[in-house]
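Undergrad: My file is start-v6.csv. It has CSV, C-alpha atoms:
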```
chain,number,residue,atom,x,y,z
V,12,PRO,CA,-64.6,64.9,4.7
V,13,GLY,CA,-67.0,64.6,7.5
V,14,GLY,CA,-70.2,62.5,7.6
V,15,ALA,CA,-73.7,63.9,7.3
V,16,ASN,CA,-73.7,64.9,11.0
V,17,GLU,CA,-70.1,66.0,11.2
V,18,PRO,CA,-69.3,69.7,10.8
V,19,THR,CA,-66.8,70.3,8.1
V,20,LEU,CA,-63.7,72.3,8.9
V,21,PRO,CA,-62.7,75.2,6.6
V,22,PHE,CA,-59.6,74.9,4.4
V,23,VAL,CA,-56.5,76.1,6.2
V,24,PHE,CA,-53.6,77.5,4.3
V,25,ARG,CA,-50.3,77.9,6.1
V,26,ALA,CA,-47.1,79.1,4.6
V,27,SER,CA,-43.6,79.0,6.1
V,28,VAL,CA,-40.0,79.1,4.9
V,29,ALA,CA,-38.3,75.8,5.1
V,30,ARG,CA,-34.8,75.6,6.6
V,31,PRO,CA,-32.2,72.9,6.1
V,32,ASP,CA,-33.3,69.7,7.9
V,33,ASP,CA,-36.9,70.7,8.2
V,34,VAL,CA,-39.6,68.1,7.6
V,35,LEU,CA,-43.0,68.9,6.2
V,36,LEU,CA,-45.4,66.2,7.5
V,37,LEU,CA,-48.9,66.0,6.2
V,38,ALA,CA,-50.9,63.7,8.4
V,39,GLY,CA,-54.5,62.5,8.5
V,40,PRO,CA,-56.4,62.4,11.8
V,41,GLY,CA,-55.1,58.9,12.6
V,42,LEU,CA,-51.6,60.3,13.0
V,43,ALA,CA,-52.3,63.9,13.7
V,44,GLU,CA,-54.4,63.2,16.8
V,45,PRO,CA,-51.8,61.1,18.6
V,46,LEU,CA,-49.1,63.6,17.7
V,47,ARG,CA,-51.1,66.3,19.4
V,48,GLY,CA,-52.3,64.1,22.3
V,49,GLN,CA,-49.1,62.2,23.0
V,50,PRO,CA,-46.1,64.6,23.0
V,51,ALA,CA,-43.8,61.6,23.5
V,52,LEU,CA,-44.8,60.4,20.0
V,53,ALA,CA,-43.9,63.7,18.4
V,54,ASP,CA,-40.6,63.8,20.4
V,55,ARG,CA,-39.8,60.2,19.3
V,56,LEU,CA,-40.3,61.1,15.6
V,57,ALA,CA,-38.3,64.3,16.0
V,58,GLU,CA,-35.4,62.2,17.5
V,59,ARG,CA,-35.6,59.7,14.7
V,60,TRP,CA,-35.7,62.3,11.9
V,61,HIS,CA,-33.3,64.9,13.3
V,62,ASP,CA,-29.8,65.3,11.8
V,63,THR,CA,-30.1,62.2,9.7
V,64,PRO,CA,-30.8,61.5,6.1
V,65,PRO,CA,-34.5,60.9,5.3
V,66,PRO,CA,-35.6,57.4,6.2
V,67,GLY,CA,-36.2,54.8,3.5
V,68,LEU,CA,-39.8,53.7,2.8
V,69,ALA,CA,-39.8,50.8,5.3
V,70,ALA,CA,-38.3,52.9,8.1
V,71,PHE,CA,-40.8,55.8,7.4
V,72,LEU,CA,-43.7,53.4,7.5
V,73,ALA,CA,-42.4,51.9,10.7
V,74,ASP,CA,-42.0,55.4,12.2
V,75,VAL,CA,-45.5,56.6,11.5
V,76,GLN,CA,-46.9,53.3,12.9
V,77,LEU,CA,-45.2,53.8,16.3
V,78,ARG,CA,-47.7,52.9,19.1
V,79,ALA,CA,-49.5,55.5,21.0
V,80,LYS,CA,-51.8,54.3,23.8
V,81,GLY,CA,-55.5,55.0,23.1
V,82,TYR,CA,-55.0,55.6,19.3
V,83,ALA,CA,-55.6,52.8,16.8
V,84,ASP,CA,-56.9,54.6,13.7
V,85,ASP,CA,-55.4,54.2,10.3
V,86,ARG,CA,-52.4,56.5,9.8
V,87,THR,CA,-52.0,58.4,6.6
V,88,ALA,CA,-48.9,60.5,6.2
V,89,ALA,CA,-46.7,62.1,3.6
V,90,ALA,CA,-43.4,63.8,4.4
V,91,VAL,CA,-40.9,66.0,2.5
V,92,TRP,CA,-37.4,66.6,3.8
V,93,GLU,CA,-35.7,69.9,3.1
V,94,SER,CA,-32.1,69.5,2.1
```
For the structure just supplied, provide its representation as structure tokens.

TA:
Amino acid sequence: PGGANEPTLPFVFRASVARPDDVLLLAGPGLAEPLRGQPALADRLAERWHDTPPPGLAAFLADVQLRAKGYADDRTAAAVWES
């Protein structure tokens, strides 16, 4: 994490109680930055993943690759759906 000239961020621990239909999304910077910078992308994922069964692998990969203008980094993501 971080190159020789990049400051390293401290480890962050967050705990919360999952509710039915919650999705835990762990995302690298290539996905986290557009989710923060383009609220429409976060809204689109929320629409696609709300009140439906979890997507299959192909649909999940397509979802995390949704385009966001100005963001072209690799996208790393893992998700867990609460049932």

Undergrad: Which residue, V:Gly81, V:Pro21, V:Pro31, V:Pro50, has the smallest gap to V:Pro64 when you use only C-alpha atoms?

TA: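 Smallest separation from V:Pro64 among the options: V:Pro31.
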
Undergrad: As an exercise, work out the distance from atom CA of V:Leu56 to atom CA of V:Ala83 in Å and give it to one decimal place.

TA: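 Calculated distance between atom CA of V:Leu56 and atom CA of V:Ala83 is 17.4 Å.
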
Undergrad: Work out how far apart atom CA of V:Leu72 and atom CA of V:Ala38 are and give it in Å to one decimal.

TA: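 Separating atom CA of V:Leu72 from atom CA of V:Ala38 is a distance of 12.6 Å.
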
Undergrad: Please indicate the distance in Å from atom CA of V:Leu35 to atom CA of V:Ala57, rounded to one decimal place.

TA: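 Pair atom CA of V:Leu35 / atom CA of V:Ala57 returns 11.8 Å.
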
Undergrad: Nearest residue to V:Tyr82 out of V:Gln49, V:Thr19, V:Thr63, V:Ser27, using all atoms listed in the file?

TA: V:Gln49

Undergrad: List as a list of chain:residue names the protein and nucleic acid residues near V:Arg55, meaning an atom at most 12 Å away when only C-alpha atoms are counted, but skip any in the same chain fewer than 3 places from it.

TA: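 In the requested format, the answer is V:Leu46, V:Gln49, V:Pro50, V:Ala51, V:Leu52, V:Glu58, V:Arg59, V:Trp60, V:His61, V:Asp74, V:Val75, V:Gln76, V:Leu77, V:Arg78, V:Ala79.
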
Undergrad: Which is closer to V:Leu37 than all the others in V:Lys80, V:Arg25, V:Pro65, V:Leu20, using all atoms listed in the file?

TA: V:Arg25

Undergrad: Given the point (-48.7, 61.9, 7.1) in the coordinates of this file, which residues lie within 9 Å, counting all atoms listed in the file, and how would they look as an NGL selection string?

TA: :V and (36-39 or 41-43 or 75 or 86-90)

Undergrad: Could you tell me which of V:Val91, V:Arg47, V:Asp84, V:Arg30 comes closest to V:Pro66 if we count all atoms listed in the file?

TA: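 For V:Pro66, the nearest of the given residues is V:Val91.
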
Undergrad: Can you list, as a count of residues only, every protein, DNA or RNA residue that comes within 8 Å of V:Asp32 when you count only C-alpha atoms, leaving out same-chain residues fewer than 2 positions away?

TA: 7
